[in-house]
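To start, the structure itself, in structure tokens.
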Amino acid sequence: MPTFAVGDRLLRQTVLAGGGWTAGLAAVALLGAAAELLLPAALGRAVDAALAGGSGWWAVSAGALVVVLIGVDTLTDLASGFGAARATAGLRRRLLRHLFALDVRATRRHPVGDLVGRLVGQAADAGQAGNAVVLAIVAVLPPLGSVVALTIMEPVLGVTLLAGLGLLAVLMRAFVADASTATAGYQRVLGAIAGRLLESLTGARTIAAAGTTRREEARVLAALPELDRHGRRTWGLLARASARTSAVAPLLNLSVIAVGGYALTAGWLTPGELVAAVRYAAIGAGLGAVLATLNHLVRSRAGAHRVAELLTQPATSAGDRSLPPGGGALRLRGVCVHADDGRPILDGVDLDVPAGATVAVVGASGAGKSTLAAVAGRLYDPDGGEVRLDGVPLRDLDPTALRRAVGYAFDRPVLIGATVHDAIGLALPVDSAAPPADRSPATPAVLRAARMAAVADVIERLPGGYRTPLVDTPLSGGETQRLGLARAFAAERLLILDDATSSLDTATEHRITEAVLRRAGGRTRLVVTHRTAAAAAADLVAWLDGGRLRDLAPHRQLWADPDYRAVFQPAGGGS
């Protein structure tokens, strides 16, 4: 389904997501519209009654209607606030859940700053859809009701007001069409700027060291003229629409007054009815509220389309199978992965990793090593072929079982959690990851993983030990990498290290290599590396060359090939 249609469908769903608050807003707004339409009639009757020396009940009724309108304003603010909050929260949960369900390739197509902008800004705009739709519909009722009321009093008055409203409707339709395009462009460019800003903030130290602050400012703000153009167009459209409305409305009001004055002199209207007619003309011509709600509706629609653009991207399918007893045998058959431009990254890779074995993955930069590591643990699915763990296709595995069986460690790990303990136990079941009631330093699984990663001594020196908040934990690059390794060591069957020891000193790397190669537990290891020592210590080496598996053999056997030796030269390093 096209994104445009999905965006409109999402807008409709968001309108309903306000639940009872949106329904309450509709009821209150309708009550306010009814009171607004009854007030001129009550005022007119009060004037006629006063001139005739009658009772003041109509004046009391008019006062009561004013009180109702005051209450309606208060309840409208309350219902619209709660309804928008509920719809926005639901939309953000849905979008965030979908973003985490996408594979890592899908999220890389959008800068993180742009994704955050859609989650925070555009989701909030879309969350106002219920309010915008309800208020836009209700805002039309008083002008239409004024036409009916004037027609009942004197048909000529109704025709006069209806002609003016038709002209205003044409002007507003043009505003909606043009403003939708301008608002969508503004949101798109703003997301691009946010993405560049986040990239720059992440690399702030590098920018400062290179002395390229001014150049980076120019890069981040390069799209600012385009943003300014879209913003000026949006506000210009709103200003022109408001000016046209302001120009037509007084003329319309004067026309009704003129016709009403003639009707009074002709005896067609009473003085009270003329007062009511003047008030109805003011209500009918006062379409500023309609213009404002239309502007909100345009922003909501544009925001919904931006959110829908992400929701239309297919999420990774989730299986429901569990793993049979086994030691982590990994098999790849005909695995192909292509870049967005169609260039092959992996091309028909067949690889068998025996249970409990350690296989080093080596190759020149761009050979596909990290991509192989990604598909081996289903960070994303290959475009062709199949990956199996202990005979079960990864696509068919229950996500919880898959993440418990497979552990990843990266060259630049991101630590997630409130404390050091949370960061290490991220992939563990809740009962295993939570500290026990006796307040011992950590659970046995976390302690074991920290010791294997040679980071336990670092943690024990922290003020709060394993419960030290991550934000209060000063860590070097090597220590952060070791915490990432500890998190991966919690896996039960398959351990995938993507250049995960690149920031470690030689002694620490040796200790961790020993832990990785240890046979206890029988886990399988897939180690992406560019270091000769790591390849020599593995049982087998998977040598990738141009996206293909060139050979699978022990390191000592491959070392006789000069092309293989060239992989470990400085110019051929990297992952």
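Identifiers in this document derive from the order of the structure tokens: chains are assigned A, B, ..., residues are numbered from 1 separately in each chain, and ligands are numbered from 1 in order of occurrence.
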
### Task
Tell me which protein, DNA and RNA residues are within 9 Å of Ala373 of chain A, counting only C-alpha atoms, leaving out same-chain ones fewer than 4 positions away, and put them as a ChimeraX atom specification.
/A:361,368-369,377-379,408,496-498,526-528

Keeping N, CA, C and O atoms, export the residues of the selection given above as a PDB file, in the first residue's frame.
```pdb
ATOM      1  N   VAL A 361      36.940 -15.349  11.244  1.00  0.00           N
ATOM      2  CA  VAL A 361      36.523 -14.819   9.946  1.00  0.00           C
ATOM      3  C   VAL A 361      37.482 -13.692   9.578  1.00  0.00           C
ATOM      4  O   VAL A 361      37.582 -12.695  10.303  1.00  0.00           O
ATOM      5  N   GLY A 368      33.144  -8.421   3.581  1.00  0.00           N
ATOM      6  CA  GLY A 368      31.850  -8.909   4.047  1.00  0.00           C
ATOM      7  C   GLY A 368      31.894  -9.578   5.397  1.00  0.00           C
ATOM      8  O   GLY A 368      30.954 -10.279   5.763  1.00  0.00           O
ATOM      9  N   LYS A 369      32.954  -9.352   6.175  1.00  0.00           N
ATOM     10  CA  LYS A 369      33.111 -10.048   7.453  1.00  0.00           C
ATOM     11  C   LYS A 369      32.013  -9.653   8.449  1.00  0.00           C
ATOM     12  O   LYS A 369      31.363 -10.521   9.036  1.00  0.00           O
ATOM     13  N   GLY A 377      23.809 -14.335  13.367  1.00  0.00           N
ATOM     14  CA  GLY A 377      22.995 -14.272  14.579  1.00  0.00           C
ATOM     15  C   GLY A 377      21.688 -13.555  14.377  1.00  0.00           C
ATOM     16  O   GLY A 377      21.016 -13.187  15.325  1.00  0.00           O
ATOM     17  N   ARG A 378      21.322 -13.325  13.130  1.00  0.00           N
ATOM     18  CA  ARG A 378      20.073 -12.686  12.712  1.00  0.00           C
ATOM     19  C   ARG A 378      19.907 -11.273  13.250  1.00  0.00           C
ATOM     20  O   ARG A 378      18.830 -10.912  13.748  1.00  0.00           O
ATOM     21  N   LEU A 379      20.977 -10.475  13.144  1.00  0.00           N
ATOM     22  CA  LEU A 379      20.754  -9.047  13.283  1.00  0.00           C
ATOM     23  C   LEU A 379      19.914  -8.557  12.113  1.00  0.00           C
ATOM     24  O   LEU A 379      19.164  -7.589  12.234  1.00  0.00           O
ATOM     25  N   TYR A 408      26.443 -11.288  21.063  1.00  0.00           N
ATOM     26  CA  TYR A 408      27.264 -10.447  20.185  1.00  0.00           C
ATOM     27  C   TYR A 408      28.162  -9.539  21.016  1.00  0.00           C
ATOM     28  O   TYR A 408      27.747  -9.012  22.060  1.00  0.00           O
ATOM     29  N   ILE A 496      29.442 -14.493  19.011  1.00  0.00           N
ATOM     30  CA  ILE A 496      29.915 -13.831  17.797  1.00  0.00           C
ATOM     31  C   ILE A 496      30.655 -12.561  18.211  1.00  0.00           C
ATOM     32  O   ILE A 496      30.064 -11.655  18.803  1.00  0.00           O
ATOM     33  N   LEU A 497      31.938 -12.507  17.908  1.00  0.00           N
ATOM     34  CA  LEU A 497      32.777 -11.356  18.244  1.00  0.00           C
ATOM     35  C   LEU A 497      33.166 -10.652  16.953  1.00  0.00           C
ATOM     36  O   LEU A 497      33.898 -11.207  16.136  1.00  0.00           O
ATOM     37  N   ASP A 498      32.645  -9.437  16.776  1.00  0.00           N
ATOM     38  CA  ASP A 498      32.940  -8.663  15.572  1.00  0.00           C
ATOM     39  C   ASP A 498      34.042  -7.662  15.893  1.00  0.00           C
ATOM     40  O   ASP A 498      33.781  -6.525  16.286  1.00  0.00           O
ATOM     41  N   LEU A 526      32.329 -17.515  16.688  1.00  0.00           N
ATOM     42  CA  LEU A 526      32.595 -16.945  15.371  1.00  0.00           C
ATOM     43  C   LEU A 526      33.282 -15.607  15.629  1.00  0.00           C
ATOM     44  O   LEU A 526      32.674 -14.684  16.174  1.00  0.00           O
ATOM     45  N   VAL A 527      34.543 -15.526  15.272  1.00  0.00           N
ATOM     46  CA  VAL A 527      35.375 -14.389  15.662  1.00  0.00           C
ATOM     47  C   VAL A 527      35.831 -13.640  14.414  1.00  0.00           C
ATOM     48  O   VAL A 527      36.654 -14.157  13.640  1.00  0.00           O
ATOM     49  N   VAL A 528      35.293 -12.440  14.203  1.00  0.00           N
ATOM     50  CA  VAL A 528      35.763 -11.574  13.120  1.00  0.00           C
ATOM     51  C   VAL A 528      37.025 -10.871  13.615  1.00  0.00           C
ATOM     52  O   VAL A 528      36.995 -10.197  14.654  1.00  0.00           O
TER      53      VAL A 528
END
```

### Message
At a cut-off of 10 Å, using only C-alpha atoms, what residues contact segment 542-555 of chain A? Leave out same-chain residues fewer than 6 positions from it and give the result as a PyMOL selection string.
### Response
chain A and resi 335-338+344-353+359-369+371-372+526-528+532-536+563-564+567

Those selected residues, please, written with C-alpha atoms and delivered as an mmCIF file, in the first residue's frame.
```cif
data_model
loop_
_atom_site.group_PDB
_atom_site.id
_atom_site.type_symbol
_atom_site.label_atom_id
_atom_site.label_comp_id
_atom_site.auth_asym_id
_atom_site.auth_seq_id
_atom_site.Cartn_x
_atom_site.Cartn_y
_atom_site.Cartn_z
ATOM 1 C CA VAL A 335 23.723 -16.785 1.800
ATOM 2 C CA CYS A 336 23.522 -13.585 -0.269
ATOM 3 C CA VAL A 337 23.322 -10.005 0.963
ATOM 4 C CA HIS A 338 23.099 -6.963 -1.295
ATOM 5 C CA PRO A 344 26.676 -7.920 -3.628
ATOM 6 C CA ILE A 345 28.215 -7.892 -0.152
ATOM 7 C CA LEU A 346 27.929 -11.653 0.381
ATOM 8 C CA ASP A 347 27.549 -13.849 -2.672
ATOM 9 C CA GLY A 348 26.458 -17.457 -2.222
ATOM 10 C CA VAL A 349 28.320 -18.206 1.024
ATOM 11 C CA ASP A 350 28.232 -21.809 2.273
ATOM 12 C CA LEU A 351 29.764 -22.247 5.717
ATOM 13 C CA ASP A 352 29.617 -24.985 8.349
ATOM 14 C CA VAL A 353 30.772 -24.176 11.869
ATOM 15 C CA VAL A 359 36.097 -20.133 13.569
ATOM 16 C CA ALA A 360 37.949 -16.920 12.782
ATOM 17 C CA VAL A 361 36.523 -14.819 9.946
ATOM 18 C CA VAL A 362 39.205 -12.877 8.085
ATOM 19 C CA GLY A 363 39.418 -10.909 4.880
ATOM 20 C CA ALA A 364 40.368 -7.569 3.429
ATOM 21 C CA SER A 365 38.353 -4.462 4.209
ATOM 22 C CA GLY A 366 34.968 -4.706 2.498
ATOM 23 C CA ALA A 367 35.135 -8.490 2.135
ATOM 24 C CA GLY A 368 31.850 -8.909 4.047
ATOM 25 C CA LYS A 369 33.111 -10.048 7.453
ATOM 26 C CA THR A 371 27.890 -8.706 7.301
ATOM 27 C CA LEU A 372 28.542 -12.412 7.752
ATOM 28 C CA LEU A 526 32.595 -16.945 15.371
ATOM 29 C CA VAL A 527 35.375 -14.389 15.662
ATOM 30 C CA VAL A 528 35.763 -11.574 13.120
ATOM 31 C CA THR A 532 47.182 -13.055 13.111
ATOM 32 C CA ALA A 533 47.287 -14.378 16.681
ATOM 33 C CA ALA A 534 43.499 -14.679 16.889
ATOM 34 C CA ALA A 535 43.325 -16.490 13.550
ATOM 35 C CA ALA A 536 46.141 -18.859 14.583
ATOM 36 C CA ASP A 563 47.253 -13.655 -0.706
ATOM 37 C CA TYR A 564 46.166 -14.899 2.717
ATOM 38 C CA VAL A 567 45.144 -9.943 4.538
#
```

### Message
Considering only C-alpha atoms, can you say which of A:Gly185, A:Gly158, A:Gly478, A:Gly127 comes closest to Ala304 of chain A?
### Response
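Distance minimum relative to Ala304 of chain A lands on A:Gly127.
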
### Query
Nearest to Leu39 of chain A: which of A:Leu65, A:Ala308, A:Ala209, A:Met153 is it, counting only C-alpha atoms?
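Looking only at the distances to Leu39 of chain A, the closest residue turns out to be A:Leu65.
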
#### Entry: Test item: residues at most 8 Å from segment 122-125 of chain A, only C-alpha atoms, excluding those fewer than 4 positions along its chain, as a PyMOL selection string
chain A and resi 84+88+91-92+117-118+129+187+299-300+302-304+306-307

Run DSSP on the backbone of this structure and report the residues of segment 173-371 of chain A it assigns to strand (DSSP E), as an mmCIF file with all heavy atoms, in the first residue's frame.
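part-v1.cif written:
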```cif
data_model
loop_
_atom_site.group_PDB
_atom_site.id
_atom_site.type_symbol
_atom_site.label_atom_id
_atom_site.label_comp_id
_atom_site.auth_asym_id
_atom_site.auth_seq_id
_atom_site.Cartn_x
_atom_site.Cartn_y
_atom_site.Cartn_z
ATOM 1 N N LEU A 330 26.435 -24.154 13.552
ATOM 2 C CA LEU A 330 25.967 -23.072 12.689
ATOM 3 C C LEU A 330 26.185 -23.465 11.237
ATOM 4 O O LEU A 330 27.269 -23.943 10.866
ATOM 5 C CB LEU A 330 26.739 -21.783 13.003
ATOM 6 C CG LEU A 330 26.388 -20.543 12.186
ATOM 7 C CD1 LEU A 330 24.977 -20.055 12.512
ATOM 8 C CD2 LEU A 330 27.402 -19.431 12.444
ATOM 9 N N ARG A 331 25.148 -23.266 10.410
ATOM 10 C CA ARG A 331 25.253 -23.633 8.995
ATOM 11 C C ARG A 331 24.665 -22.525 8.134
ATOM 12 O O ARG A 331 23.540 -22.077 8.355
ATOM 13 C CB ARG A 331 24.532 -24.944 8.727
ATOM 14 C CG ARG A 331 24.393 -25.273 7.243
ATOM 15 C CD ARG A 331 23.830 -26.651 7.017
ATOM 16 N NE ARG A 331 24.795 -27.705 7.375
ATOM 17 C CZ ARG A 331 24.601 -28.996 7.148
ATOM 18 N NH1 ARG A 331 23.479 -29.409 6.591
ATOM 19 N NH2 ARG A 331 25.510 -29.881 7.496
ATOM 20 N N LEU A 332 25.429 -22.070 7.159
ATOM 21 C CA LEU A 332 24.978 -21.089 6.182
ATOM 22 C C LEU A 332 24.958 -21.763 4.821
ATOM 23 O O LEU A 332 25.932 -22.416 4.430
ATOM 24 C CB LEU A 332 25.905 -19.863 6.130
ATOM 25 C CG LEU A 332 25.824 -18.845 7.264
ATOM 26 C CD1 LEU A 332 26.453 -19.396 8.548
ATOM 27 C CD2 LEU A 332 26.525 -17.543 6.866
ATOM 28 N N ARG A 333 23.864 -21.575 4.097
ATOM 29 C CA ARG A 333 23.727 -22.175 2.783
ATOM 30 C C ARG A 333 23.241 -21.125 1.776
ATOM 31 O O ARG A 333 22.158 -20.576 1.908
ATOM 32 C CB ARG A 333 22.729 -23.349 2.811
ATOM 33 C CG ARG A 333 23.280 -24.607 3.438
ATOM 34 C CD ARG A 333 24.381 -25.202 2.537
ATOM 35 N NE ARG A 333 25.004 -26.386 3.124
ATOM 36 C CZ ARG A 333 26.069 -26.366 3.903
ATOM 37 N NH1 ARG A 333 26.634 -25.205 4.203
ATOM 38 N NH2 ARG A 333 26.565 -27.476 4.400
ATOM 39 N N GLY A 334 24.106 -20.865 0.766
ATOM 40 C CA GLY A 334 23.739 -19.946 -0.303
ATOM 41 C C GLY A 334 23.395 -18.549 0.163
ATOM 42 O O GLY A 334 22.543 -17.880 -0.428
ATOM 43 N N VAL A 335 24.064 -18.075 1.200
ATOM 44 C CA VAL A 335 23.723 -16.785 1.800
ATOM 45 C C VAL A 335 24.183 -15.641 0.893
ATOM 46 O O VAL A 335 25.356 -15.562 0.518
ATOM 47 C CB VAL A 335 24.350 -16.648 3.197
ATOM 48 C CG1 VAL A 335 24.231 -15.210 3.703
ATOM 49 C CG2 VAL A 335 23.671 -17.606 4.171
ATOM 50 N N CYS A 336 23.233 -14.763 0.562
ATOM 51 C CA CYS A 336 23.522 -13.585 -0.269
ATOM 52 C C CYS A 336 22.967 -12.345 0.424
ATOM 53 O O CYS A 336 21.860 -12.373 0.959
ATOM 54 C CB CYS A 336 22.878 -13.704 -1.652
ATOM 55 S SG CYS A 336 23.493 -15.077 -2.648
ATOM 56 N N VAL A 337 23.743 -11.293 0.420
ATOM 57 C CA VAL A 337 23.322 -10.005 0.963
ATOM 58 C C VAL A 337 23.742 -8.932 -0.032
ATOM 59 O O VAL A 337 24.883 -8.942 -0.522
ATOM 60 C CB VAL A 337 23.956 -9.721 2.343
ATOM 61 C CG1 VAL A 337 23.558 -8.334 2.833
ATOM 62 C CG2 VAL A 337 23.537 -10.778 3.356
ATOM 63 N N HIS A 338 22.820 -8.021 -0.336
ATOM 64 C CA HIS A 338 23.099 -6.963 -1.295
ATOM 65 C C HIS A 338 22.979 -5.599 -0.624
ATOM 66 O O HIS A 338 22.161 -5.405 0.274
ATOM 67 C CB HIS A 338 22.138 -7.036 -2.486
ATOM 68 C CG HIS A 338 22.236 -8.308 -3.255
ATOM 69 N ND1 HIS A 338 21.408 -9.393 -2.994
ATOM 70 C CD2 HIS A 338 23.061 -8.692 -4.261
ATOM 71 C CE1 HIS A 338 21.716 -10.379 -3.820
ATOM 72 N NE2 HIS A 338 22.710 -9.979 -4.601
ATOM 73 N N PRO A 344 26.625 -6.781 -4.550
ATOM 74 C CA PRO A 344 26.676 -7.920 -3.628
ATOM 75 C C PRO A 344 27.710 -7.705 -2.519
ATOM 76 O O PRO A 344 28.854 -7.336 -2.784
ATOM 77 C CB PRO A 344 27.064 -9.090 -4.528
ATOM 78 C CG PRO A 344 27.774 -8.470 -5.678
ATOM 79 C CD PRO A 344 27.146 -7.127 -5.888
ATOM 80 N N ILE A 345 27.297 -7.936 -1.292
ATOM 81 C CA ILE A 345 28.215 -7.892 -0.152
ATOM 82 C C ILE A 345 28.632 -9.309 0.220
ATOM 83 O O ILE A 345 29.810 -9.577 0.466
ATOM 84 C CB ILE A 345 27.552 -7.194 1.048
ATOM 85 C CG1 ILE A 345 27.132 -5.775 0.662
ATOM 86 C CG2 ILE A 345 28.490 -7.171 2.245
ATOM 87 C CD1 ILE A 345 26.362 -5.057 1.746
ATOM 88 N N LEU A 346 27.658 -10.217 0.269
ATOM 89 C CA LEU A 346 27.929 -11.653 0.381
ATOM 90 C C LEU A 346 27.285 -12.322 -0.821
ATOM 91 O O LEU A 346 26.149 -12.005 -1.187
ATOM 92 C CB LEU A 346 27.356 -12.226 1.674
ATOM 93 C CG LEU A 346 27.989 -11.768 2.998
ATOM 94 C CD1 LEU A 346 27.268 -12.422 4.179
ATOM 95 C CD2 LEU A 346 29.473 -12.095 3.039
ATOM 96 N N ASP A 347 28.011 -13.257 -1.415
ATOM 97 C CA ASP A 347 27.549 -13.849 -2.672
ATOM 98 C C ASP A 347 27.649 -15.366 -2.600
ATOM 99 O O ASP A 347 28.706 -15.952 -2.817
ATOM 100 C CB ASP A 347 28.394 -13.319 -3.837
ATOM 101 C CG ASP A 347 27.834 -13.723 -5.194
ATOM 102 O OD1 ASP A 347 26.752 -14.329 -5.228
ATOM 103 O OD2 ASP A 347 28.491 -13.423 -6.206
ATOM 104 N N GLY A 348 26.524 -16.003 -2.225
ATOM 105 C CA GLY A 348 26.458 -17.457 -2.222
ATOM 106 C C GLY A 348 27.392 -18.125 -1.227
ATOM 107 O O GLY A 348 28.091 -19.087 -1.569
ATOM 108 N N VAL A 349 27.403 -17.671 0.016
ATOM 109 C CA VAL A 349 28.320 -18.206 1.024
ATOM 110 C C VAL A 349 27.750 -19.488 1.624
ATOM 111 O O VAL A 349 26.618 -19.501 2.117
ATOM 112 C CB VAL A 349 28.590 -17.169 2.124
ATOM 113 C CG1 VAL A 349 29.404 -17.780 3.257
ATOM 114 C CG2 VAL A 349 29.313 -15.960 1.542
ATOM 115 N N ASP A 350 28.529 -20.551 1.583
ATOM 116 C CA ASP A 350 28.232 -21.809 2.273
ATOM 117 C C ASP A 350 29.279 -21.994 3.363
ATOM 118 O O ASP A 350 30.478 -22.008 3.079
ATOM 119 C CB ASP A 350 28.285 -22.998 1.313
ATOM 120 C CG ASP A 350 27.185 -22.949 0.266
ATOM 121 O OD1 ASP A 350 26.101 -22.411 0.570
ATOM 122 O OD2 ASP A 350 27.419 -23.422 -0.856
ATOM 123 N N LEU A 351 28.815 -22.135 4.609
ATOM 124 C CA LEU A 351 29.764 -22.247 5.717
ATOM 125 C C LEU A 351 29.183 -23.153 6.791
ATOM 126 O O LEU A 351 28.024 -22.999 7.180
ATOM 127 C CB LEU A 351 30.047 -20.856 6.311
ATOM 128 C CG LEU A 351 30.944 -20.806 7.547
ATOM 129 C CD1 LEU A 351 32.351 -21.298 7.219
ATOM 130 C CD2 LEU A 351 31.002 -19.392 8.116
ATOM 131 N N ASP A 352 29.993 -24.100 7.248
ATOM 132 C CA ASP A 352 29.617 -24.985 8.349
ATOM 133 C C ASP A 352 30.564 -24.748 9.512
ATOM 134 O O ASP A 352 31.791 -24.885 9.370
ATOM 135 C CB ASP A 352 29.688 -26.453 7.921
ATOM 136 C CG ASP A 352 28.535 -26.840 7.024
ATOM 137 O OD1 ASP A 352 27.388 -26.768 7.485
ATOM 138 O OD2 ASP A 352 28.786 -27.202 5.853
ATOM 139 N N VAL A 353 29.997 -24.378 10.653
ATOM 140 C CA VAL A 353 30.772 -24.176 11.869
ATOM 141 C C VAL A 353 30.356 -25.265 12.848
ATOM 142 O O VAL A 353 29.224 -25.251 13.340
ATOM 143 C CB VAL A 353 30.511 -22.785 12.473
ATOM 144 C CG1 VAL A 353 31.343 -22.583 13.735
ATOM 145 C CG2 VAL A 353 30.806 -21.689 11.461
ATOM 146 N N THR A 358 35.794 -22.965 17.247
ATOM 147 C CA THR A 358 36.088 -21.547 17.092
ATOM 148 C C THR A 358 36.519 -21.304 15.660
ATOM 149 O O THR A 358 37.485 -21.912 15.188
ATOM 150 C CB THR A 358 37.207 -21.098 18.040
ATOM 151 O OG1 THR A 358 36.806 -21.316 19.392
ATOM 152 C CG2 THR A 358 37.516 -19.620 17.843
ATOM 153 N N VAL A 359 35.787 -20.457 14.957
ATOM 154 C CA VAL A 359 36.097 -20.133 13.569
ATOM 155 C C VAL A 359 36.391 -18.645 13.485
ATOM 156 O O VAL A 359 35.575 -17.807 13.879
ATOM 157 C CB VAL A 359 34.926 -20.501 12.639
ATOM 158 C CG1 VAL A 359 35.198 -20.012 11.224
ATOM 159 C CG2 VAL A 359 34.697 -22.003 12.638
ATOM 160 N N ALA A 360 37.582 -18.314 13.009
ATOM 161 C CA ALA A 360 37.949 -16.920 12.782
ATOM 162 C C ALA A 360 37.527 -16.524 11.373
ATOM 163 O O ALA A 360 37.735 -17.285 10.418
ATOM 164 C CB ALA A 360 39.449 -16.740 12.966
ATOM 165 N N VAL A 361 36.940 -15.349 11.244
ATOM 166 C CA VAL A 361 36.523 -14.819 9.946
ATOM 167 C C VAL A 361 37.482 -13.692 9.578
ATOM 168 O O VAL A 361 37.582 -12.695 10.303
ATOM 169 C CB VAL A 361 35.077 -14.305 9.987
ATOM 170 C CG1 VAL A 361 34.655 -13.780 8.623
ATOM 171 C CG2 VAL A 361 34.127 -15.411 10.446
ATOM 172 N N VAL A 362 38.210 -13.863 8.493
ATOM 173 C CA VAL A 362 39.205 -12.877 8.085
ATOM 174 C C VAL A 362 38.949 -12.483 6.635
ATOM 175 O O VAL A 362 38.239 -13.172 5.900
ATOM 176 C CB VAL A 362 40.642 -13.417 8.248
ATOM 177 C CG1 VAL A 362 40.889 -13.893 9.673
ATOM 178 C CG2 VAL A 362 40.914 -14.535 7.252
ATOM 179 N N GLY A 363 39.556 -11.387 6.245
ATOM 180 C CA GLY A 363 39.418 -10.909 4.880
ATOM 181 C C GLY A 363 39.798 -9.439 4.809
ATOM 182 O O GLY A 363 39.900 -8.753 5.835
#
```

### Query
Skipping near chain neighbours, those fewer than 5 positions away, what residues fall within 12 Å of Val67 of chain A using only C-alpha atoms, listed as a list in words?
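Counting only C-alpha atoms, the residues come to Gly32, Ala35, Glu36, Leu39, Val60, Ser61, Ala62, Val72, Asp73 and Thr74 of chain A.
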
### Residue with smallest distance to Thr22 of chain A - pool A:Leu157, A:Val133, A:Ala566, A:Ala276, counting only C-alpha atoms
A:Val133

### Query
Of the candidates A:Leu415, A:Ala454, A:Gly319, A:Leu252, which one gets nearest to Arg395 of chain A if we count only C-alpha atoms?
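For Arg395 of chain A, the nearest of the candidates is A:Gly319.
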
#### Entry: Counting only C-alpha atoms, the residue of A:Ala281, A:Leu426, A:Leu95, A:Val414 that sits nearest Val148 of chain A
A:Ala281

### Task
For Gly191 of chain A, work out the shell of residues within 8 Å, counting only C-alpha atoms and skipping chain neighbours fewer than 2 positions away, then give it as a list in words.
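Selected residues are Gly113, Asp114, Leu115, Gly117, Arg118, Gln187, Arg188, Val189, Ile193, Ala194 and Gly195 of chain A.
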
### Task
Excluding Val446 of chain A and any residue of its chain fewer than 6 positions from it, enumerate the residues within 8 Å of it, using only C-alpha atoms, and give them as a PyMOL selection string.
chain A and resi 421+424-425+433+486+490

### Summary
Nearest to Leu75 of chain A, restricted to only C-alpha atoms and choosing among A:Gly326, A:Leu389, A:Leu31, A:Thr293, comes out as A:Leu31
